[in-house]
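Trainee: Enclosed is the structure file coords-v5.cif (mmCIF, C-alpha atoms).
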```
data_run
loop_
_atom_site.label_atom_id
_atom_site.label_comp_id
_atom_site.auth_asym_id
_atom_site.auth_seq_id
_atom_site.Cartn_x
_atom_site.Cartn_y
_atom_site.Cartn_z
CA MET A 1247 163.04 -94.35 21.10
CA THR A 1248 161.83 -96.06 17.96
CA GLY A 1249 158.47 -97.35 19.11
CA ILE A 1250 155.23 -95.45 19.28
CA LYS A 1251 152.71 -95.14 22.07
CA ILE A 1252 149.21 -93.77 22.15
CA LEU A 1253 148.92 -91.09 24.84
CA SER A 1254 145.20 -90.50 24.42
CA THR A 1255 142.30 -90.91 22.03
CA GLY A 1256 139.22 -88.96 21.07
CA SER A 1257 136.25 -89.53 18.81
CA CYS A 1258 133.27 -87.86 17.21
CA VAL A 1259 130.34 -89.49 15.49
CA PRO A 1260 127.64 -87.40 13.85
CA SER A 1261 124.24 -87.01 15.42
CA ARG A 1262 121.98 -88.61 12.84
CA VAL A 1263 121.38 -92.31 13.52
CA MET A 1264 120.44 -94.54 10.61
CA THR A 1265 119.00 -97.88 11.70
CA ASN A 1266 118.61 -101.01 9.62
CA ASP A 1267 114.89 -100.34 9.56
CA ASP A 1268 115.52 -96.82 8.25
CA LEU A 1269 117.53 -98.32 5.39
CA ALA A 1270 114.78 -100.84 4.70
CA GLN A 1271 112.60 -97.84 3.81
CA ILE A 1272 115.06 -96.85 1.08
CA VAL A 1273 116.32 -100.12 -0.40
CA GLU A 1274 115.02 -103.66 -0.42
CA THR A 1275 116.62 -105.06 2.71
CA SER A 1276 115.69 -105.93 6.29
CA ASP A 1277 117.05 -105.64 9.80
CA GLU A 1278 117.37 -109.42 9.95
CA TRP A 1279 119.28 -109.66 6.66
CA ILE A 1280 121.76 -106.94 7.62
CA GLN A 1281 122.29 -108.24 11.16
CA LYS A 1282 122.85 -111.81 10.07
CA ARG A 1283 125.39 -110.95 7.40
CA THR A 1284 127.21 -108.05 9.02
CA GLY A 1285 126.40 -107.71 12.74
CA MET A 1286 125.38 -104.09 12.15
CA SER A 1287 122.30 -102.53 13.76
CA GLU A 1288 122.85 -98.87 13.05
CA ARG A 1289 125.35 -96.35 11.73
CA HIS A 1290 125.66 -92.57 11.94
CA TYR A 1291 125.33 -90.10 9.08
CA VAL A 1292 126.29 -86.46 9.11
CA GLY A 1293 123.45 -83.98 9.45
CA GLU A 1294 123.10 -80.24 9.15
CA GLY A 1295 126.34 -78.38 9.89
CA GLU A 1296 128.47 -81.53 10.17
CA ASP A 1297 131.13 -82.59 7.71
CA MET A 1298 134.31 -84.65 7.68
CA THR A 1299 136.56 -81.78 8.73
CA TYR A 1300 134.24 -80.97 11.63
CA LEU A 1301 134.23 -84.59 12.86
CA SER A 1302 138.04 -84.69 12.58
CA GLU A 1303 138.42 -81.45 14.49
CA MET A 1304 136.13 -82.57 17.34
CA ALA A 1305 137.87 -85.95 17.67
CA ALA A 1306 141.29 -84.26 17.62
CA ARG A 1307 140.27 -81.65 20.20
CA GLU A 1308 139.17 -84.38 22.59
CA ALA A 1309 142.36 -86.42 22.08
CA ILE A 1310 144.59 -83.37 22.65
CA GLU A 1311 142.67 -82.37 25.76
CA ARG A 1312 142.82 -85.88 27.23
CA SER A 1313 146.54 -86.22 26.48
CA GLY A 1314 147.52 -83.32 28.71
CA ILE A 1315 150.33 -82.38 26.31
CA ASP A 1316 151.18 -78.86 25.25
CA LYS A 1317 149.65 -78.73 21.76
CA SER A 1318 152.66 -76.82 20.46
CA ASP A 1319 154.57 -80.13 20.82
CA ILE A 1320 152.63 -81.62 17.91
CA GLY A 1321 155.08 -81.85 15.03
CA VAL A 1322 153.19 -84.12 12.63
CA ILE A 1323 149.51 -84.35 11.68
CA ILE A 1324 148.24 -87.31 9.71
CA VAL A 1325 144.63 -87.64 8.64
CA SER A 1326 143.67 -90.99 7.14
CA THR A 1327 140.61 -90.63 4.96
CA VAL A 1328 139.09 -91.18 1.54
CA SER A 1329 136.23 -88.74 1.99
CA GLY A 1330 137.51 -85.27 2.84
CA GLU A 1331 135.74 -82.13 1.69
CA TYR A 1332 138.61 -81.16 -0.61
CA TYR A 1333 140.96 -82.89 -3.03
CA SER A 1334 143.22 -80.06 -1.92
CA PRO A 1335 144.04 -78.72 0.65
CA SER A 1336 144.42 -81.79 2.80
CA THR A 1337 142.23 -82.14 5.89
CA ALA A 1338 145.45 -82.27 7.93
CA CYS A 1339 146.23 -78.70 6.82
CA LEU A 1340 142.77 -77.56 7.84
CA LEU A 1341 143.28 -79.09 11.28
CA GLN A 1342 146.55 -77.21 11.79
CA SER A 1343 144.63 -73.99 11.53
CA ARG A 1344 141.40 -75.01 13.29
CA LEU A 1345 143.30 -76.47 16.24
CA GLY A 1346 145.75 -73.56 16.42
CA LEU A 1347 148.84 -75.75 16.09
CA VAL A 1348 152.35 -74.53 15.31
CA HIS A 1349 153.39 -73.84 11.69
CA ASP A 1350 156.59 -75.85 11.96
CA LEU A 1351 155.03 -79.23 11.26
CA VAL A 1352 154.23 -81.73 8.53
CA ALA A 1353 150.55 -82.18 7.79
CA LEU A 1354 149.24 -84.61 5.22
CA ASP A 1355 146.38 -86.97 4.44
CA VAL A 1356 146.88 -90.69 3.89
CA SER A 1357 144.67 -92.64 1.51
CA ALA A 1358 144.73 -96.35 2.28
CA GLY A 1359 141.02 -97.20 2.39
CA CYS A 1360 140.00 -99.16 5.44
CA SER A 1361 143.66 -99.77 6.36
CA GLY A 1362 144.03 -96.01 6.78
CA PHE A 1363 144.50 -95.92 10.55
CA ILE A 1364 147.35 -98.45 10.46
CA PHE A 1365 149.01 -96.84 7.43
CA GLY A 1366 148.62 -93.56 9.31
CA LEU A 1367 150.41 -94.94 12.37
CA GLU A 1368 153.25 -96.29 10.23
CA THR A 1369 153.55 -92.90 8.49
CA ILE A 1370 153.36 -90.75 11.61
CA ARG A 1371 155.98 -92.85 13.38
CA ALA A 1372 158.39 -92.53 10.46
CA LEU A 1373 157.87 -88.77 10.20
CA MET A 1374 158.17 -88.26 13.94
CA LEU A 1375 161.46 -90.17 13.95
CA ALA A 1376 162.73 -88.18 10.97
CA ARG A 1377 161.77 -84.86 12.53
CA ASN A 1378 162.40 -85.77 16.14
CA ALA A 1379 158.87 -84.65 16.96
CA LYS A 1380 157.73 -84.71 20.58
CA ALA A 1381 154.14 -85.55 19.74
CA GLY A 1382 151.96 -86.37 16.76
CA LEU A 1383 148.27 -86.22 15.95
CA ILE A 1384 146.67 -88.98 13.93
CA VAL A 1385 143.05 -88.87 12.83
CA GLY A 1386 141.01 -91.48 10.97
CA ALA A 1387 137.83 -89.91 9.67
CA GLU A 1388 135.21 -90.60 7.04
CA VAL A 1389 131.92 -89.27 5.78
CA LEU A 1390 130.97 -92.26 3.67
CA SER A 1391 127.25 -91.46 3.69
CA LYS A 1392 128.02 -89.04 0.84
CA LYS A 1393 129.72 -91.81 -1.16
CA LEU A 1394 126.89 -94.31 -1.14
CA ASP A 1395 124.86 -95.47 -4.10
CA MET A 1396 121.53 -95.76 -2.30
CA THR A 1397 120.21 -98.06 -5.03
CA ASP A 1398 122.91 -100.66 -4.38
CA ARG A 1399 121.63 -102.66 -1.42
CA THR A 1400 124.75 -104.78 -1.20
CA THR A 1401 126.96 -101.84 -0.24
CA CYS A 1402 124.85 -98.92 0.96
CA VAL A 1403 123.87 -100.65 4.21
CA LEU A 1404 127.47 -101.28 5.24
CA PHE A 1405 129.01 -97.87 5.75
CA GLY A 1406 128.77 -95.03 8.22
CA ASP A 1407 130.41 -91.75 9.23
CA GLY A 1408 132.72 -91.03 12.13
CA ALA A 1409 136.12 -89.83 13.27
CA ALA A 1410 138.69 -91.00 15.78
CA ALA A 1411 141.93 -89.34 16.81
CA ALA A 1412 144.99 -90.22 18.85
CA VAL A 1413 147.87 -88.22 20.24
CA VAL A 1414 151.02 -90.28 19.94
CA ALA A 1415 154.62 -90.04 21.12
CA LEU A 1416 157.77 -91.97 20.39
CA ASP A 1417 158.42 -94.74 22.86
CA GLU A 1418 161.31 -96.86 24.15
CA ARG A 1419 159.56 -100.13 23.42
CA PRO A 1420 160.37 -101.62 20.04
CA TYR A 1421 157.88 -101.24 17.21
CA PHE A 1422 156.38 -104.19 15.40
CA SER A 1423 154.23 -103.85 12.33
CA GLU A 1424 153.35 -105.79 9.22
CA ILE A 1425 152.08 -103.65 6.37
CA GLY A 1426 151.42 -104.58 2.78
CA VAL A 1427 149.84 -103.90 -0.57
CA ASP A 1428 148.67 -106.14 -3.40
CA GLY A 1429 147.69 -103.48 -5.91
CA ASP A 1430 144.10 -103.89 -7.06
CA GLU A 1431 141.51 -101.46 -8.37
CA GLU A 1432 138.39 -103.62 -8.51
CA MET A 1433 137.73 -105.20 -5.11
CA ILE A 1434 136.72 -101.93 -3.44
CA ASN A 1435 136.92 -98.53 -5.04
CA ILE A 1436 135.46 -95.04 -5.17
CA LYS A 1437 135.70 -93.75 -8.71
CA VAL A 1438 136.22 -90.02 -9.21
CA SER A 1439 133.73 -90.21 -12.09
CA ASP A 1440 130.73 -91.26 -9.99
CA GLY A 1441 131.97 -90.79 -6.42
CA HIS A 1442 130.32 -93.98 -5.17
CA ILE A 1443 131.71 -96.89 -3.20
CA HIS A 1444 131.80 -100.08 -5.28
CA MET A 1445 132.61 -103.33 -3.57
CA ASP A 1446 132.85 -107.01 -4.37
CA GLY A 1447 131.53 -108.28 -1.04
CA GLN A 1448 132.48 -111.93 -1.40
CA GLY A 1449 135.90 -111.08 -2.77
CA THR A 1450 136.53 -108.73 0.13
CA TYR A 1451 135.39 -111.31 2.66
CA LYS A 1452 137.69 -113.91 1.15
CA PHE A 1453 140.63 -111.50 1.05
CA ALA A 1454 140.10 -110.53 4.70
CA VAL A 1455 139.68 -113.96 6.25
CA LYS A 1456 142.61 -115.32 4.27
CA THR A 1457 145.09 -112.44 4.58
CA VAL A 1458 144.47 -111.12 8.09
CA PRO A 1459 145.32 -114.33 10.00
CA GLU A 1460 148.53 -114.55 7.96
CA VAL A 1461 149.64 -111.02 8.79
CA ILE A 1462 148.68 -111.38 12.44
CA GLU A 1463 150.81 -114.52 12.58
CA LYS A 1464 153.73 -112.64 11.02
CA VAL A 1465 153.63 -109.65 13.37
CA VAL A 1466 153.19 -111.79 16.48
CA GLU A 1467 156.13 -113.94 15.42
CA LYS A 1468 158.24 -110.85 14.64
CA ALA A 1469 157.57 -109.56 18.16
CA GLY A 1470 158.57 -112.90 19.66
CA LEU A 1471 155.09 -113.39 21.10
CA THR A 1472 152.25 -115.87 20.86
CA TYR A 1473 148.58 -115.15 20.18
CA ASP A 1474 147.89 -115.69 23.87
CA ASP A 1475 150.31 -112.87 24.78
CA ILE A 1476 148.04 -110.34 23.05
CA ASP A 1477 145.48 -108.97 25.51
CA HIS A 1478 143.23 -107.25 22.98
CA TYR A 1479 142.64 -107.55 19.26
CA VAL A 1480 141.26 -104.39 17.67
CA LEU A 1481 140.37 -105.21 14.08
CA HIS A 1482 138.86 -103.08 11.37
CA GLN A 1483 135.09 -103.21 11.86
CA ALA A 1484 134.04 -104.29 8.39
CA ASN A 1485 131.83 -107.22 9.25
CA LEU A 1486 131.26 -109.17 12.46
CA ARG A 1487 131.45 -112.43 10.54
CA ILE A 1488 134.94 -111.51 9.31
CA ILE A 1489 136.08 -110.80 12.88
CA GLU A 1490 134.56 -114.09 14.11
CA SER A 1491 136.20 -116.03 11.33
CA ILE A 1492 139.61 -114.47 12.07
CA ALA A 1493 139.21 -115.15 15.81
CA LYS A 1494 138.56 -118.79 15.00
CA LYS A 1495 141.57 -118.99 12.69
CA VAL A 1496 143.97 -117.57 15.29
CA ASN A 1497 142.24 -119.65 17.96
CA GLN A 1498 141.50 -116.76 20.32
CA PRO A 1499 138.24 -116.12 22.21
CA MET A 1500 135.89 -113.44 20.88
CA GLU A 1501 136.13 -111.76 24.32
CA LYS A 1502 139.59 -110.53 23.30
CA PHE A 1503 138.22 -108.82 20.19
CA VAL A 1504 136.88 -105.30 20.54
CA VAL A 1505 133.64 -105.05 18.57
CA ASN A 1506 131.45 -101.98 18.13
CA ILE A 1507 130.30 -102.54 14.57
CA GLU A 1508 126.67 -102.81 15.71
CA LYS A 1509 126.63 -99.08 16.47
CA TYR A 1510 128.72 -97.56 13.69
CA GLY A 1511 128.85 -99.93 10.72
CA ASN A 1512 132.01 -99.79 8.62
CA THR A 1513 133.61 -96.36 9.05
CA SER A 1514 136.69 -97.27 6.98
CA ALA A 1515 139.78 -95.35 8.16
CA ALA A 1516 138.00 -94.34 11.38
CA SER A 1517 136.96 -97.81 12.51
CA VAL A 1518 140.10 -99.04 14.32
CA GLY A 1519 140.40 -95.66 16.06
CA LEU A 1520 136.74 -95.67 17.11
CA ALA A 1521 137.04 -99.16 18.58
CA LEU A 1522 140.28 -98.27 20.33
CA ASP A 1523 138.81 -95.07 21.75
CA GLU A 1524 135.81 -96.96 23.13
CA ALA A 1525 138.06 -99.64 24.65
CA TYR A 1526 140.20 -97.02 26.40
CA LYS A 1527 137.24 -95.00 27.65
CA THR A 1528 135.46 -98.03 29.06
CA ASN A 1529 138.72 -99.13 30.73
CA ARG A 1530 138.71 -102.32 28.76
CA ILE A 1531 142.28 -101.64 27.65
CA LYS A 1532 144.42 -100.77 30.64
CA GLU A 1533 147.88 -99.30 30.99
CA GLY A 1534 150.47 -101.93 30.13
CA ASP A 1535 148.11 -104.15 28.12
CA ARG A 1536 149.34 -105.45 24.80
CA THR A 1537 147.00 -104.61 21.94
CA LEU A 1538 147.12 -105.70 18.34
CA LEU A 1539 145.56 -103.37 15.77
CA CYS A 1540 144.78 -104.72 12.33
CA ALA A 1541 142.98 -103.40 9.28
CA PHE A 1542 142.47 -104.36 5.65
CA GLY A 1543 140.71 -102.92 2.66
CA ALA A 1544 140.75 -101.15 -0.67
CA GLY A 1545 144.00 -101.18 -2.48
CA ARG A 1546 144.28 -104.13 -1.58
CA THR A 1547 145.98 -103.05 1.61
CA TRP A 1548 146.55 -104.56 5.00
CA GLY A 1549 148.33 -103.46 8.10
CA THR A 1550 148.84 -104.63 11.65
CA VAL A 1551 150.67 -103.06 14.57
CA ILE A 1552 151.26 -104.17 18.15
CA ILE A 1553 151.01 -101.34 20.64
CA MET B 1121 136.80 -137.38 -0.11
CA PHE B 1122 133.04 -137.10 0.50
CA GLU B 1123 133.53 -137.73 4.21
CA ASP B 1124 136.15 -134.95 4.39
CA VAL B 1125 133.91 -132.49 2.59
CA LYS B 1126 130.96 -133.52 4.73
CA LYS B 1127 132.97 -132.80 7.86
CA ILE B 1128 133.95 -129.35 6.54
CA ILE B 1129 130.33 -128.54 5.67
CA VAL B 1130 129.12 -129.59 9.12
CA GLU B 1131 131.85 -127.52 10.80
CA THR B 1132 131.35 -124.44 8.64
CA LEU B 1133 127.56 -124.36 8.49
CA GLY B 1134 126.81 -125.91 11.86
CA CYS B 1135 124.28 -128.27 10.25
CA THR B 1136 123.52 -131.88 11.16
CA GLU B 1137 125.65 -134.53 9.55
CA ASP B 1138 122.70 -136.59 8.37
CA ASN B 1139 121.42 -133.70 6.29
CA VAL B 1140 124.62 -133.46 4.27
CA THR B 1141 123.67 -135.69 1.35
CA LEU B 1142 124.85 -135.33 -2.24
CA ASP B 1143 121.47 -133.86 -3.22
CA ALA B 1144 121.38 -131.34 -0.39
CA ASN B 1145 121.27 -127.73 -1.51
CA LEU B 1146 123.79 -125.70 0.47
CA PHE B 1147 121.55 -122.67 0.64
CA ASP B 1148 117.98 -124.00 0.76
CA ASP B 1149 118.59 -127.20 2.74
CA LEU B 1150 121.71 -126.50 4.81
CA GLY B 1151 121.13 -122.81 5.57
CA ALA B 1152 124.24 -121.33 3.96
CA ASP B 1153 124.42 -117.73 2.77
CA SER B 1154 126.90 -116.11 0.40
CA LEU B 1155 129.52 -115.53 3.11
CA ASP B 1156 129.23 -119.15 4.32
CA ALA B 1157 129.90 -120.20 0.73
CA VAL B 1158 133.18 -118.25 0.80
CA GLU B 1159 134.17 -119.81 4.14
CA LEU B 1160 133.34 -123.21 2.72
CA SER B 1161 135.52 -122.68 -0.35
CA LEU B 1162 138.44 -121.56 1.84
CA SER B 1163 138.12 -124.55 4.19
CA ILE B 1164 137.91 -126.94 1.24
CA GLU B 1165 140.98 -125.35 -0.29
CA GLU B 1166 142.88 -125.69 2.97
CA SER B 1167 141.93 -129.33 3.32
CA THR B 1168 142.22 -130.51 -0.30
CA GLY B 1169 144.60 -127.97 -1.84
CA ILE B 1170 142.03 -127.37 -4.57
CA SER B 1171 141.04 -123.75 -4.94
CA ILE B 1172 137.44 -123.02 -5.94
CA ASP B 1173 137.49 -119.64 -7.64
CA GLN B 1174 134.72 -117.11 -7.17
CA ASP B 1175 133.21 -117.56 -10.62
CA ALA B 1176 132.94 -121.30 -10.09
CA MET B 1177 131.46 -120.79 -6.64
CA VAL B 1178 128.49 -118.99 -8.18
CA ASN B 1179 127.46 -122.20 -9.95
CA ILE B 1180 127.84 -124.43 -6.93
CA LYS B 1181 124.49 -125.08 -5.30
CA THR B 1182 124.53 -128.67 -4.02
CA VAL B 1183 126.99 -130.92 -2.21
CA ALA B 1184 127.22 -132.93 -5.45
CA ASP B 1185 128.31 -129.75 -7.29
CA ILE B 1186 131.23 -129.44 -4.86
CA MET B 1187 132.21 -133.09 -5.29
CA ASN B 1188 132.05 -132.79 -9.09
CA TYR B 1189 134.19 -129.65 -9.04
CA LEU B 1190 136.79 -131.34 -6.85
CA GLU B 1191 136.79 -134.42 -9.05
CA GLU B 1192 137.34 -132.30 -12.17
CA HIS B 1193 140.11 -130.23 -10.62
CA LYS B 1194 142.01 -132.99 -8.85
#
```
Just dump the structure as C-alpha cells.

Mentor:
Amino acid sequence: MTGIKILSTGSCVPSRVMTNDDLAQIVETSDEWIQKRTGMSERHYVGEGEDMTYLSEMAAREAIERSGIDKSDIGVIIVSTVSGEYYSPSTACLLQSRLGLVHDLVALDVSAGCSGFIFGLETIRALMLARNAKAGLIVGAEVLSKKLDMTDRTTCVLFGDGAAAAVVALDERPYFSEIGVDGDEEMINIKVSDGHIHMDGQGTYKFAVKTVPEVIEKVVEKAGLTYDDIDHYVLHQANLRIIESIAKKVNQPMEKFVVNIEKYGNTSAASVGLALDEAYKTNRIKEGDRTLLCAFGAGRTWGTVII
Amino acid sequence: MFEDVKKIIVETLGCTEDNVTLDANLFDDLGADSLDAVELSLSIEESTGISIDQDAMVNIKTVADIMNYLEEHK
C-alpha cells in the first residue's frame, strides 16, 4: 500500500463574484483584454463573514461527508496555502478543532505557491505511510483577493479566492510523481513587507510552457505509460493559453484537459483541487480513470502526480 | 533561415504567410501579444538552438529584428 487514492472531494468558493467588467471599473483593463490573454471571465472574492479558514472548513466538511469515512480515521491534515489568516497557528491546526477531529494526528500547512496541491499530496502520502494513517485530509485554499495590488493591472485581474479539499487513503496501486524546485524569489512572490502578489507574467508563462511538458513526459515515462493512456489532465488553472500550449506540446486534445479558469481565475493552491472536484461532481472523471494532476508556480516549483 | 522563422511565425501566430515580410511588425501587423512573443521565442529556440532572452525580446518588434538577433547570436 504505497500509492494514494482520492476517496472524495469537496469545495467552497466565496459568494462575491468579480467579473472582468467589475475590474475594469477599478483598473485600466477590459473584458476583451483579460479573456484573450487569460481565458478568465470572473473570479470569486470573500465577502462579509468569509475568510480562508472558513472556506477550508466548508470544503473539508463536504469532502469528509462525501467520503463516508469515520472522521476519527483522519491521521494527517495538510493545508496548502500562502494566504491563511495566521502566520501561526497553521490553518491545519484550526481545522482539527473546527472539524472535531482526533488529537492524535499531524496537522501542518504547506507553502509551495501554485504547486501547493501537488506538494500537499506528496507530503500527505509520506506522512500517512510513516504513521500508518487510515485516512488523510488535504485542503488547497487561498484568499488572494487580500494580497492584490489593485493598482497593478498586470496581476490583480488574475487571481481569485477558493478552497478545495480531498479525503485520501493509501492504495495498492503504485505511486508516480515528479516534483521539483529551482529556487527563485523573483518570478512570483508575496513579500511580507507589502503583502502583495508580484509576478513576472512573461517569465512565468515561459517557465510553465517549457517545464510542464518536460515533467509530464517524465512522470508518464516513469509510470510506463504514454500520453494517450492518460484519460484526464488536470493542470493548475493559471492561464488558458498556458494549458492550450501544453496540450499542443504533449499532442493531446483539449477535451482531455479539465478547464474551469473562466469561473475562478487563478486560485493558486486551490486550483487543481477545484478543477478535480468539478470533474468528479460532473461525472467527467469516472471510477478507474487515469488522471494526471500537474501544477507549477512560485518558488519556482512544479509537481505532477498520476492518480 | 528566414523560411524557417517564417514557418514558425505562421504556426505560432496563425497569420498568413504572405504577410510575414522582414518589415512586418509582430504586434501591429501580425497580431501578436506579449504571450505570443514568448511562444515565438521558445519555438525559435527549439528550432535553431538560439535562445532569445527576455530582455532581448522586449526590443524585438519586427521580423527583421528576429533575423538580426539570430544572425548576431549564431

Trainee: Would you translate the PyMOL selection byres ((chain A and resi 1516) around 10) into the concrete set of residues it matches in this file, as a tab-separated table (two decimals) with C-alpha atoms, in the coordinates of the input?

Mentor:
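Result file follows (expr30.tsv):
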```
chain	number	residue	atom	x	y	z
A	1257	SER	CA	136.25	-89.53	18.81
A	1258	CYS	CA	133.27	-87.86	17.21
A	1259	VAL	CA	130.34	-89.49	15.49
A	1302	SER	CA	138.04	-84.69	12.58
A	1325	VAL	CA	144.63	-87.64	8.64
A	1326	SER	CA	143.67	-90.99	7.14
A	1327	THR	CA	140.61	-90.63	4.96
A	1359	GLY	CA	141.02	-97.20	2.39
A	1360	CYS	CA	140.00	-99.16	5.44
A	1361	SER	CA	143.66	-99.77	6.36
A	1362	GLY	CA	144.03	-96.01	6.78
A	1363	PHE	CA	144.50	-95.92	10.55
A	1385	VAL	CA	143.05	-88.87	12.83
A	1386	GLY	CA	141.01	-91.48	10.97
A	1387	ALA	CA	137.83	-89.91	9.67
A	1388	GLU	CA	135.21	-90.60	7.04
A	1389	VAL	CA	131.92	-89.27	5.78
A	1406	GLY	CA	128.77	-95.03	8.22
A	1407	ASP	CA	130.41	-91.75	9.23
A	1408	GLY	CA	132.72	-91.03	12.13
A	1409	ALA	CA	136.12	-89.83	13.27
A	1410	ALA	CA	138.69	-91.00	15.78
A	1411	ALA	CA	141.93	-89.34	16.81
A	1482	HIS	CA	138.86	-103.08	11.37
A	1483	GLN	CA	135.09	-103.21	11.86
A	1512	ASN	CA	132.01	-99.79	8.62
A	1513	THR	CA	133.61	-96.36	9.05
A	1514	SER	CA	136.69	-97.27	6.98
A	1515	ALA	CA	139.78	-95.35	8.16
A	1517	SER	CA	136.96	-97.81	12.51
A	1518	VAL	CA	140.10	-99.04	14.32
A	1519	GLY	CA	140.40	-95.66	16.06
A	1520	LEU	CA	136.74	-95.67	17.11
A	1521	ALA	CA	137.04	-99.16	18.58
```

Trainee: Evaluate the PyMOL selection byres ((chain A) within 12 of (chain B)) against this structure - the residues, as a ChimeraX atom specification, please.

Mentor: /A:1279,1282-1284,1400,1446-1457,1485-1488,1490-1492,1494-1495

Trainee: Using all atoms listed in the file for the distances, tell me which of B:Ser1171, B:Asn1145, B:Asn1188, B:Asn1179 is nearest to B:Ile1129.

Mentor: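 Closest to B:Ile1129, using all atoms listed in the file: B:Asn1145.
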
Trainee: In Å, with one decimal, what is the gap from atom CA of A:Pro1499 to atom CA of B:Ile1172?

Mentor: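 Straight-line distance from atom CA of A:Pro1499 to atom CA of B:Ile1172 works out to 29.0 Å.
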
Trainee: Stretch 1373-1380 of chain A: which residues within 8 Å, counting only C-alpha atoms, same-chain residues fewer than 6 positions away excluded, as an NGL selection string?

Mentor: :A and (1248 or 1319-1322 or 1415-1416)

Trainee: Please determine an axis-aligned box that encloses all atoms of stretch 1355-1367 of chain A listed in the file, with 6 Å added on each side, and express its centre and edge lengths in Å to one decimal as AutoDock Vina command-line options.

Mentor:
```
--center_x 145.2 --center_y -93.4 --center_z 6.9 --size_x 22.4 --size_y 24.8 --size_z 22.9
```

Trainee: Quote the spacing between atom CA of A:Leu1383 and atom CA of A:Lys1468 in Å to one decimal place.

Mentor: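 We find that atom CA of A:Leu1383 and atom CA of A:Lys1468 lie 26.6 Å from each other.
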
Trainee: Report the residues retrieved by the PyMOL selection byres ((chain A and resi 1442-1444) around 8) from the displayed file, expressed as JSON, numbers by chain.

Mentor: {"A": [1393, 1394, 1395, 1401, 1433, 1434, 1435, 1436, 1437, 1440, 1441, 1445, 1446]}

Trainee: Between atom CA of B:Leu1150 and atom CA of A:Val1403, what is the distance, to one decimal in Å?

Mentor: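 Value for the atom CA of B:Leu1150-atom CA of A:Val1403 distance: 25.9 Å.
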
Trainee: Go through stretch 1325-1381 of chain A and flag each residue having an atom no more than 9 Å from stretch 1423-1428 of chain A; for those, report the closest pair of atoms plus their distance in Å to one decimal, using all atoms listed in the file, ordered by chain and rising number, as a tab-separated table.

Mentor:
```
residue	atom	partner	partner_atom	distance
A:Ile1364	CA	A:Ile1425	CA	8.1
A:Phe1365	CA	A:Ile1425	CA	7.5
A:Glu1368	CA	A:Ser1423	CA	7.9
```

Trainee: Could you pull the residues within 12 Å of stretch 1522-1531 of chain A, counting all atoms listed in the file, minus those fewer than 3 positions along the same chain, as a compact mmCIF listing (two decimals) with C-alpha atoms, in the coordinates of the input?

Mentor:
```txt
# COMPACT_ATOMS: atom_id res chain seq x y z
CA ILE A 1252 149.21 -93.77 22.15
CA LEU A 1253 148.92 -91.09 24.84
CA SER A 1254 145.20 -90.50 24.42
CA THR A 1255 142.30 -90.91 22.03
CA GLY A 1256 139.22 -88.96 21.07
CA SER A 1257 136.25 -89.53 18.81
CA CYS A 1258 133.27 -87.86 17.21
CA VAL A 1259 130.34 -89.49 15.49
CA ALA A 1305 137.87 -85.95 17.67
CA ALA A 1306 141.29 -84.26 17.62
CA GLU A 1308 139.17 -84.38 22.59
CA ALA A 1309 142.36 -86.42 22.08
CA ARG A 1312 142.82 -85.88 27.23
CA PHE A 1363 144.50 -95.92 10.55
CA VAL A 1385 143.05 -88.87 12.83
CA GLY A 1386 141.01 -91.48 10.97
CA ALA A 1409 136.12 -89.83 13.27
CA ALA A 1410 138.69 -91.00 15.78
CA ALA A 1411 141.93 -89.34 16.81
CA ALA A 1412 144.99 -90.22 18.85
CA VAL A 1413 147.87 -88.22 20.24
CA ILE A 1476 148.04 -110.34 23.05
CA ASP A 1477 145.48 -108.97 25.51
CA HIS A 1478 143.23 -107.25 22.98
CA TYR A 1479 142.64 -107.55 19.26
CA VAL A 1480 141.26 -104.39 17.67
CA LEU A 1481 140.37 -105.21 14.08
CA HIS A 1482 138.86 -103.08 11.37
CA GLN A 1483 135.09 -103.21 11.86
CA GLU A 1501 136.13 -111.76 24.32
CA LYS A 1502 139.59 -110.53 23.30
CA PHE A 1503 138.22 -108.82 20.19
CA VAL A 1504 136.88 -105.30 20.54
CA VAL A 1505 133.64 -105.05 18.57
CA ASN A 1506 131.45 -101.98 18.13
CA ILE A 1507 130.30 -102.54 14.57
CA LYS A 1509 126.63 -99.08 16.47
CA TYR A 1510 128.72 -97.56 13.69
CA ALA A 1516 138.00 -94.34 11.38
CA SER A 1517 136.96 -97.81 12.51
CA VAL A 1518 140.10 -99.04 14.32
CA GLY A 1519 140.40 -95.66 16.06
CA GLY A 1534 150.47 -101.93 30.13
CA ASP A 1535 148.11 -104.15 28.12
CA ARG A 1536 149.34 -105.45 24.80
CA THR A 1537 147.00 -104.61 21.94
CA LEU A 1538 147.12 -105.70 18.34
CA LEU A 1539 145.56 -103.37 15.77
CA CYS A 1540 144.78 -104.72 12.33
CA ILE A 1553 151.01 -101.34 20.64
```

Trainee: So, counting all atoms listed in the file, which residue among A:Val1458, A:Ile1310, A:Cys1339, A:Ala1493 is closest to A:Asp1474?

Mentor: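 Smallest separation from A:Asp1474 among the options: A:Ala1493.
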
Trainee: May I have the protein, DNA and RNA residues with any atom at most 9 Å from the point (124.2, -84.1, 14.2), counting all atoms listed in the file, written as a PyMOL selection string?

Mentor: chain A and resi 1259-1263+1290-1296

Trainee: Generate a file of the selected residues that holds C-alpha atoms, formatted as a PDB file, in the frame of the given file.

Mentor:
```
ATOM      1  CA  VAL A1259     130.340 -89.490  15.490  1.00  0.00           C
ATOM      2  CA  PRO A1260     127.640 -87.400  13.850  1.00  0.00           C
ATOM      3  CA  SER A1261     124.240 -87.010  15.420  1.00  0.00           C
ATOM      4  CA  ARG A1262     121.980 -88.610  12.840  1.00  0.00           C
ATOM      5  CA  VAL A1263     121.380 -92.310  13.520  1.00  0.00           C
ATOM      6  CA  HIS A1290     125.660 -92.570  11.940  1.00  0.00           C
ATOM      7  CA  TYR A1291     125.330 -90.100   9.080  1.00  0.00           C
ATOM      8  CA  VAL A1292     126.290 -86.460   9.110  1.00  0.00           C
ATOM      9  CA  GLY A1293     123.450 -83.980   9.450  1.00  0.00           C
ATOM     10  CA  GLU A1294     123.100 -80.240   9.150  1.00  0.00           C
ATOM     11  CA  GLY A1295     126.340 -78.380   9.890  1.00  0.00           C
ATOM     12  CA  GLU A1296     128.470 -81.530  10.170  1.00  0.00           C
TER      13      GLU A1296
END
```

Trainee: Which of these residues is nearest to A:Ser1357, using all atoms listed in the file: A:Ile1315, A:Ile1324, A:Ile1552, A:Ile1272?

Mentor: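 Of the candidates, the smallest distance to A:Ser1357 is held by A:Ile1324.
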